[in-house]
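*Asks:* Mind looking over this structure? Questions follow.
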Amino acid sequence: MALAGSKRIFALMDEEPEKDEGYVTLVNAKYVDGELTETTEKTNLWAWKYPHHDGRLEFIEVKGKIELFDVDFGYEKDKPVLHNISLYAKPGQKIAFVGATGAGKTTITNLLNRFYDIEDGKIRYDGININKIKKDDLRLSLGMVLQDTNLFTGTIKENIKYGKEEATDEEVVEAAKLANAHDFIMRLPNGYDTTLSGDGASLSQGQRQLLSIARAALNDPPVMILDEATSSIDTRTEKVVQDGMDKLMEGRTVFVIAHRLSTVRNAKAIMVLDHGNIIERGEHEELIAQKGTYYQLYTGAFELE
């Protein structure tokens with residue numbers, strides 16, 4: 001066991017530092033005489049600061065438009081995971097990915113975050129190739145709520161403020177209310193000052209998930225990624241969590257990965273993936289009428305429920 005552990009430690013120590021050749025950054029912005037410009041004020045309006053090679057500086061408002069063009073990717077060479085993936089999400093749209101385990105759903109969200117770089121094709125964010133955006137700034141503009149919630153030793157308030165430490169107490173409470181977490185927090189011994197330890201072991205899975213949603217709401221990103229966010233909680237708690245997520249999704253571009261297909265019915269477009277290919281796409285009613293893979297997944301899900 002010690003040898004196996006030491007191999008992993010040395011492999012990590014030998015890992016090359018992540019390269020980042022991006023030069024487009026995320027800045028606070030405001031409109032002055034109809035022109036978008038950078039500001040040090042907290043305006044809740046974000047822009048991409050794009051220095052062009054000819055010396056021209058352009059500011060592009062962050063709206064959350066995401067486009068993928070003919071994307072191919074594999075974690076290992078000669079083992080492709082995604083084939084020729086093309087899709088677009090307009091600002092404020094909800095796009096859902098469904099399909100069997102290993103179909104490539106989570107891989108797409110990993111590529112949006114540039115945890116991995118694509119082999120072929122293009123990914124554009126507000127018209128900018130994401131390779132040009134600095135990774136830290138790209139990831140700051142993307143909010144994620146995952147199946148596994150990571151909480152840290154500290155108060156509930158500190159856990160919600162993770163990622164936006166300068167937030168005020170009022171903003172924290174507002175985010176918790178949006179996520180439907182405020183009521184259960186106020187029932188705890190010390191409310192927002194209740195100390196958590198052991199990854200929030202004293203809380204239920206649903207409560208931990210609500211804190212994760214509150215954390216994302218506080219950061220107020222233009223694009224949200226929800227990856228299996230309700231798969232490990234019971235259906236009663238899911239309703240509370242789903243209500244919180246619905247509020248969080250308003251006005252944002254949202255990518256949802258779900259096994260429970262009842263959570264994706266209201267998506268603008270549903271992408272059905274199989275072995276790295278998009279085999280069906282459309283709205284819920286369209287896909288049900290086609291009686292294809294989505295129909296089989298959906299009716300099968302209801303039989304299981």
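Numbering starts fresh at 1 for the residues of each chain in the structure tokens, the chains themselves are lettered A, B, ... in the order given, and ligands are numbered from 1 as they appear.
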How close does segment 40-84 of chain A get to segment 269-281 of chain A? List, as CSV, each residue of segment 40-84 of chain A within 6 Å, its nearest atom pair and the distance in Å to one decimal, counting only C-alpha atoms.
*Replies:*
residue,atom,partner,partner_atom,distance
A:Val81,CA,A:Gly276,CA,5.2
A:Leu82,CA,A:Gly276,CA,4.0
A:His83,CA,A:Gly276,CA,5.6
*Asks:* Write the selection just made, keeping N, CA, C and O atoms, as a compact mmCIF listing (two decimals), in the first residue's frame?
*Replies:*
# COMPACT_ATOMS: atom_id res chain seq x y z
N VAL A 81 -13.76 10.05 -27.39
CA VAL A 81 -14.91 10.07 -26.48
C VAL A 81 -16.06 10.87 -27.11
O VAL A 81 -17.22 10.50 -26.98
N LEU A 82 -15.71 11.97 -27.81
CA LEU A 82 -16.70 12.80 -28.49
C LEU A 82 -16.39 12.86 -29.97
O LEU A 82 -15.23 12.97 -30.36
N HIS A 83 -17.43 12.77 -30.80
CA HIS A 83 -17.25 12.81 -32.25
C HIS A 83 -18.10 13.92 -32.84
O HIS A 83 -19.32 13.91 -32.69
*Asks:* Can I get the residues of segment 26-83 of chain A within 9 Å of segment 92-112 of chain A, each with the closest pair of atoms and their distance in Å to one decimal, using only C-alpha atoms, sorted chain first then ascending number, as JSON lines?
*Replies:*
{"residue": "A:Lys63", "atom": "CA", "partner": "A:Gly92", "partner_atom": "CA", "distance": 8.3}
{"residue": "A:Gly64", "atom": "CA", "partner": "A:Gly92", "partner_atom": "CA", "distance": 7.4}
{"residue": "A:Lys65", "atom": "CA", "partner": "A:Gly92", "partner_atom": "CA", "distance": 8.3}
{"residue": "A:Ile66", "atom": "CA", "partner": "A:Leu112", "partner_atom": "CA", "distance": 8.8}
{"residue": "A:Phe73", "atom": "CA", "partner": "A:Thr107", "partner_atom": "CA", "distance": 8.7}
{"residue": "A:Val81", "atom": "CA", "partner": "A:Gly104", "partner_atom": "CA", "distance": 6.3}
{"residue": "A:Leu82", "atom": "CA", "partner": "A:Gly104", "partner_atom": "CA", "distance": 6.4}
*Asks:* Select, from A:Tyr294, A:Trp46, A:Tyr31, A:Tyr23, the residue with the minimum atom-to-atom distance to Pro221 of chain A, counting only C-alpha atoms.
*Replies:* A:Trp46
*Asks:* Segment 66-108 of chain A near segment 125-132 of chain A within 10 Å: what's each residue's closest atom pair and its distance in Å to one decimal, counting only C-alpha atoms, ordered by chain then ascending residue number, as JSON lines?
*Replies:*
{"residue": "A:Ile66", "atom": "CA", "partner": "A:Tyr125", "partner_atom": "CA", "distance": 4.8}
{"residue": "A:Glu67", "atom": "CA", "partner": "A:Tyr125", "partner_atom": "CA", "distance": 6.6}
{"residue": "A:Leu68", "atom": "CA", "partner": "A:Tyr125", "partner_atom": "CA", "distance": 9.0}
{"residue": "A:Tyr88", "atom": "CA", "partner": "A:Tyr125", "partner_atom": "CA", "distance": 10.0}
{"residue": "A:Ala89", "atom": "CA", "partner": "A:Tyr125", "partner_atom": "CA", "distance": 9.8}
{"residue": "A:Lys90", "atom": "CA", "partner": "A:Asp126", "partner_atom": "CA", "distance": 9.3}
{"residue": "A:Pro91", "atom": "CA", "partner": "A:Asp126", "partner_atom": "CA", "distance": 9.0}
*Asks:* How about saving the chosen residues, C-alpha atoms kept, as a compact mmCIF listing (two decimals), in the first residue's frame?
*Replies:*
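Output saved as again.txt:
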# COMPACT_ATOMS: atom_id res chain seq x y z
CA ILE A 66 -21.83 29.18 -26.07
CA GLU A 67 -21.14 27.48 -29.41
CA LEU A 68 -19.42 24.19 -30.22
CA TYR A 88 -25.18 26.30 -29.56
CA ALA A 89 -26.76 27.86 -26.50
CA LYS A 90 -28.14 31.37 -26.77
CA PRO A 91 -27.97 33.62 -23.68
*Asks:* Using only C-alpha atoms, pick whichever of A:Leu261, A:Ala201, A:Ile85, A:Ile60 has the shortest atom-to-atom distance to Asp120 of chain A.
*Replies:*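 Smallest distance to Asp120 of chain A is found for A:Ile85.
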*Asks:* Would you give me, as a PyMOL selection string, the residues in segment 132-198 of chain A that DSSP reads as alpha helix (DSSP H)?
*Replies:* chain A and resi 135-140+156-160+169-178+182-186
*Asks:* Could those residues be written to a file, using N, CA and C atoms, as a CSV table (one decimal), in the first residue's frame?
*Replies:*
chain,number,residue,atom,x,y,z
A,135,LYS,N,-7.6,30.9,-18.3
A,135,LYS,CA,-8.4,29.8,-17.7
A,135,LYS,C,-9.1,30.3,-16.4
A,136,ASP,N,-8.4,31.0,-15.6
A,136,ASP,CA,-9.0,31.5,-14.3
A,136,ASP,C,-10.2,32.3,-14.6
A,137,ASP,N,-10.1,33.2,-15.6
A,137,ASP,CA,-11.2,34.1,-15.9
A,137,ASP,C,-12.4,33.3,-16.5
A,138,LEU,N,-12.1,32.3,-17.4
A,138,LEU,CA,-13.1,31.5,-18.0
A,138,LEU,C,-13.9,30.8,-16.9
A,139,ARG,N,-13.1,30.2,-16.0
A,139,ARG,CA,-13.8,29.4,-14.9
A,139,ARG,C,-14.6,30.2,-13.9
A,140,LEU,N,-14.1,31.5,-13.8
A,140,LEU,CA,-14.8,32.4,-12.9
A,140,LEU,C,-16.2,32.7,-13.4
A,156,ILE,N,-21.3,28.1,8.2
A,156,ILE,CA,-22.1,28.1,6.9
A,156,ILE,C,-21.9,29.3,6.1
A,157,LYS,N,-21.8,30.5,6.7
A,157,LYS,CA,-21.6,31.7,6.0
A,157,LYS,C,-20.3,31.7,5.2
A,158,GLU,N,-19.2,31.2,5.8
A,158,GLU,CA,-17.9,31.1,5.2
A,158,GLU,C,-18.0,30.1,4.0
A,159,ASN,N,-18.8,29.0,4.2
A,159,ASN,CA,-18.9,28.0,3.1
A,159,ASN,C,-19.6,28.6,1.9
A,160,ILE,N,-20.7,29.4,2.1
A,160,ILE,CA,-21.4,30.0,1.0
A,160,ILE,C,-20.5,31.1,0.3
A,169,ASP,N,-22.9,40.1,4.3
A,169,ASP,CA,-23.8,39.2,5.0
A,169,ASP,C,-25.2,39.3,4.3
A,170,GLU,N,-25.6,40.4,3.9
A,170,GLU,CA,-26.9,40.6,3.2
A,170,GLU,C,-26.9,39.8,1.9
A,171,GLU,N,-25.8,39.8,1.1
A,171,GLU,CA,-25.7,39.1,-0.1
A,171,GLU,C,-25.8,37.6,0.1
A,172,VAL,N,-25.1,37.1,1.2
A,172,VAL,CA,-25.1,35.7,1.6
A,172,VAL,C,-26.6,35.2,1.9
A,173,VAL,N,-27.3,36.0,2.7
A,173,VAL,CA,-28.7,35.7,3.0
A,173,VAL,C,-29.5,35.7,1.8
A,174,GLU,N,-29.4,36.6,0.9
A,174,GLU,CA,-30.1,36.7,-0.3
A,174,GLU,C,-29.9,35.5,-1.2
A,175,ALA,N,-28.6,35.1,-1.3
A,175,ALA,CA,-28.3,33.9,-2.1
A,175,ALA,C,-28.9,32.6,-1.5
A,176,ALA,N,-28.9,32.5,-0.1
A,176,ALA,CA,-29.5,31.4,0.6
A,176,ALA,C,-31.0,31.3,0.4
A,177,LYS,N,-31.6,32.5,0.4
A,177,LYS,CA,-33.1,32.5,0.1
A,177,LYS,C,-33.4,32.1,-1.3
A,178,LEU,N,-32.6,32.5,-2.3
A,178,LEU,CA,-32.8,32.2,-3.6
A,178,LEU,C,-32.7,30.6,-3.8
A,182,HIS,N,-32.4,29.2,3.2
A,182,HIS,CA,-32.4,30.1,4.4
A,182,HIS,C,-33.2,29.4,5.5
A,183,ASP,N,-34.3,28.8,5.2
A,183,ASP,CA,-35.2,28.3,6.3
A,183,ASP,C,-34.5,27.2,7.1
A,184,PHE,N,-33.8,26.2,6.5
A,184,PHE,CA,-33.1,25.2,7.3
A,184,PHE,C,-31.9,25.8,8.0
A,185,ILE,N,-31.3,26.8,7.4
A,185,ILE,CA,-30.1,27.4,8.1
A,185,ILE,C,-30.6,28.1,9.4
A,186,MET,N,-31.7,28.8,9.3
A,186,MET,CA,-32.2,29.5,10.5
A,186,MET,C,-32.6,28.5,11.6
*Asks:* Using only C-alpha atoms, which of A:Thr168, A:Gln207, A:Thr195, A:Asn84 sits nearest Val240 of chain A?
*Replies:*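 The answer is A:Gln207, which sits nearest to Val240 of chain A.
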*Asks:* Could you list, as a list in words, every residue within 10 Å of Ala179 of chain A, counting only C-alpha atoms and ignoring same-chain residues fewer than 6 positions away?
*Replies:*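 So the residues in contact are Val173, Gln209, Leu210, Leu211, Ser212, Ile213, Ala214, Arg215, Ala216, Ala217, Leu218, Val240, Val241, Gln242, Asp243, Gly244, Met245, Asp246, Lys247 and Leu248 of chain A.
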*Asks:* Store the residues of this selection in a file with all heavy atoms, as a compact mmCIF listing (two decimals), in the first residue's frame.
*Replies:*
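New file part_30.txt:
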# COMPACT_ATOMS: atom_id res chain seq x y z
N VAL A 173 -27.29 36.02 2.69
CA VAL A 173 -28.67 35.67 3.05
C VAL A 173 -29.55 35.66 1.80
O VAL A 173 -30.38 34.76 1.60
CB VAL A 173 -29.24 36.66 4.10
CG1 VAL A 173 -30.73 36.43 4.32
CG2 VAL A 173 -28.47 36.53 5.42
N GLN A 209 -26.59 20.07 -0.69
CA GLN A 209 -26.79 20.47 -2.08
C GLN A 209 -27.35 21.90 -2.17
O GLN A 209 -26.96 22.67 -3.05
CB GLN A 209 -27.75 19.47 -2.75
CG GLN A 209 -27.73 19.49 -4.25
CD GLN A 209 -26.39 19.06 -4.82
OE1 GLN A 209 -25.49 19.88 -4.95
NE2 GLN A 209 -26.26 17.80 -5.15
N LEU A 210 -28.25 22.25 -1.24
CA LEU A 210 -28.80 23.60 -1.22
C LEU A 210 -27.71 24.64 -0.93
O LEU A 210 -27.73 25.73 -1.50
CB LEU A 210 -29.92 23.71 -0.16
CG LEU A 210 -31.22 22.96 -0.49
CD1 LEU A 210 -32.18 23.01 0.70
CD2 LEU A 210 -31.89 23.50 -1.73
N LEU A 211 -26.75 24.29 -0.07
CA LEU A 211 -25.63 25.20 0.20
C LEU A 211 -24.78 25.37 -1.05
O LEU A 211 -24.27 26.46 -1.34
CB LEU A 211 -24.77 24.67 1.35
CG LEU A 211 -25.38 24.74 2.75
CD1 LEU A 211 -24.37 24.27 3.80
CD2 LEU A 211 -25.85 26.15 3.09
N SER A 212 -24.63 24.29 -1.81
CA SER A 212 -23.87 24.35 -3.06
C SER A 212 -24.56 25.29 -4.06
O SER A 212 -23.90 26.08 -4.75
CB SER A 212 -23.75 22.94 -3.66
OG SER A 212 -23.11 22.96 -4.89
N ILE A 213 -25.90 25.23 -4.11
CA ILE A 213 -26.66 26.11 -5.00
C ILE A 213 -26.54 27.56 -4.53
O ILE A 213 -26.38 28.48 -5.33
CB ILE A 213 -28.13 25.67 -5.08
CG1 ILE A 213 -28.22 24.28 -5.72
CG2 ILE A 213 -28.97 26.65 -5.87
CD1 ILE A 213 -29.58 23.62 -5.58
N ALA A 214 -26.60 27.78 -3.20
CA ALA A 214 -26.46 29.13 -2.64
C ALA A 214 -25.09 29.71 -2.98
O ALA A 214 -24.96 30.89 -3.32
CB ALA A 214 -26.66 29.09 -1.13
N ARG A 215 -24.08 28.87 -2.92
CA ARG A 215 -22.71 29.29 -3.26
C ARG A 215 -22.65 29.76 -4.72
O ARG A 215 -22.05 30.80 -5.03
CB ARG A 215 -21.77 28.10 -3.02
CG ARG A 215 -20.32 28.39 -3.14
CD ARG A 215 -19.53 27.09 -3.04
NE ARG A 215 -19.32 26.66 -1.68
CZ ARG A 215 -18.83 25.46 -1.34
NH1 ARG A 215 -18.57 24.58 -2.27
NH2 ARG A 215 -18.64 25.15 -0.09
N ALA A 216 -23.28 29.00 -5.59
CA ALA A 216 -23.29 29.37 -7.01
C ALA A 216 -24.11 30.64 -7.24
O ALA A 216 -23.73 31.49 -8.04
CB ALA A 216 -23.87 28.21 -7.85
N ALA A 217 -25.23 30.78 -6.51
CA ALA A 217 -26.08 31.96 -6.66
C ALA A 217 -25.35 33.23 -6.23
O ALA A 217 -25.49 34.28 -6.84
CB ALA A 217 -27.36 31.79 -5.83
N LEU A 218 -24.54 33.12 -5.18
CA LEU A 218 -23.79 34.28 -4.68
C LEU A 218 -22.78 34.77 -5.71
O LEU A 218 -22.58 35.96 -5.89
CB LEU A 218 -23.08 33.92 -3.37
CG LEU A 218 -22.30 35.04 -2.68
CD1 LEU A 218 -23.24 36.15 -2.23
CD2 LEU A 218 -21.52 34.50 -1.49
N VAL A 240 -37.58 20.60 -3.43
CA VAL A 240 -37.06 21.83 -2.82
C VAL A 240 -35.80 22.28 -3.55
O VAL A 240 -35.64 23.45 -3.88
CB VAL A 240 -36.74 21.59 -1.32
CG1 VAL A 240 -36.16 22.85 -0.69
CG2 VAL A 240 -38.00 21.16 -0.57
N VAL A 241 -34.90 21.30 -3.82
CA VAL A 241 -33.66 21.61 -4.52
C VAL A 241 -33.95 22.11 -5.94
O VAL A 241 -33.36 23.08 -6.41
CB VAL A 241 -32.72 20.38 -4.56
CG1 VAL A 241 -31.50 20.65 -5.41
CG2 VAL A 241 -32.28 19.99 -3.15
N GLN A 242 -34.91 21.46 -6.60
CA GLN A 242 -35.26 21.84 -7.97
C GLN A 242 -35.81 23.25 -8.03
O GLN A 242 -35.49 24.02 -8.94
CB GLN A 242 -36.28 20.84 -8.54
CG GLN A 242 -36.47 20.94 -10.05
CD GLN A 242 -35.21 20.60 -10.83
OE1 GLN A 242 -34.55 19.62 -10.54
NE2 GLN A 242 -34.86 21.42 -11.78
N ASP A 243 -36.64 23.61 -7.03
CA ASP A 243 -37.17 24.98 -6.97
C ASP A 243 -36.04 25.98 -6.85
O ASP A 243 -36.04 27.04 -7.49
CB ASP A 243 -38.13 25.13 -5.78
CG ASP A 243 -39.47 24.45 -6.03
OD1 ASP A 243 -39.72 24.09 -7.20
OD2 ASP A 243 -40.23 24.28 -5.08
N GLY A 244 -35.04 25.65 -5.99
CA GLY A 244 -33.87 26.52 -5.82
C GLY A 244 -33.09 26.65 -7.11
O GLY A 244 -32.66 27.75 -7.49
N MET A 245 -32.93 25.53 -7.82
CA MET A 245 -32.18 25.55 -9.07
C MET A 245 -32.93 26.32 -10.16
O MET A 245 -32.32 27.02 -10.95
CB MET A 245 -31.87 24.13 -9.53
CG MET A 245 -30.79 23.46 -8.70
SD MET A 245 -30.01 22.06 -9.52
CE MET A 245 -31.36 20.98 -9.79
N ASP A 246 -34.26 26.19 -10.18
CA ASP A 246 -35.05 26.92 -11.18
C ASP A 246 -34.87 28.42 -11.02
O ASP A 246 -34.75 29.16 -12.01
CB ASP A 246 -36.53 26.53 -11.07
CG ASP A 246 -36.81 25.15 -11.65
OD1 ASP A 246 -35.95 24.63 -12.38
OD2 ASP A 246 -37.88 24.59 -11.35
N LYS A 247 -34.84 28.89 -9.76
CA LYS A 247 -34.63 30.32 -9.51
C LYS A 247 -33.22 30.73 -9.96
O LYS A 247 -33.02 31.79 -10.53
CB LYS A 247 -34.79 30.63 -8.02
CG LYS A 247 -36.22 30.54 -7.51
CD LYS A 247 -36.25 30.86 -6.04
CE LYS A 247 -37.54 30.41 -5.39
NZ LYS A 247 -37.45 30.47 -3.91
N LEU A 248 -32.26 29.85 -9.68
CA LEU A 248 -30.87 30.14 -10.03
C LEU A 248 -30.68 30.21 -11.55
O LEU A 248 -29.87 30.98 -12.05
CB LEU A 248 -29.97 29.03 -9.44
CG LEU A 248 -28.47 29.12 -9.68
CD1 LEU A 248 -27.89 30.39 -9.08
CD2 LEU A 248 -27.76 27.92 -9.09
*Asks:* Report as a VMD selection string: the residues of segment 18-260 of chain A with a DSSP assignment of strand (DSSP E), based on the backbone of this structure.
*Replies:* chain A and resid 25 to 32 35 to 38 46 to 51 57 to 61 66 to 73 82 to 89 94 to 99 120 to 125 128 to 129 142 to 146 154 to 155 195 to 196 223 to 227 253 to 257
*Asks:* List the neighbours of Ser141 of chain A out to 9 Å using only C-alpha atoms; skip same-chain residues closer than 5 positions along the sequence, and give me the result as number ranges by chain.
*Replies:* A: 26, 62, 64, 136, 219-224
*Asks:* From the set A:Asn113, A:Ile123, A:Leu188, A:Tyr295, which residue has the shortest atom-to-atom contact distance to Ser86 of chain A, counting only C-alpha atoms?
*Replies:*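 Closest to Ser86 of chain A of all the choices is A:Ile123.
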*Asks:* What is the distance between atom CA of Val71 of chain A and atom CA of Leu87 of chain A, in Å to one decimal?
*Replies:*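 Distance between the two atoms: 9.5 Å.
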*Asks:* So, with only C-alpha atoms as the atoms that count, which of A:Ser197, A:Ser204, A:Thr155, A:Gln147 lies closest to Asp227 of chain A?
*Replies:*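 Closest candidate: A:Gln147.
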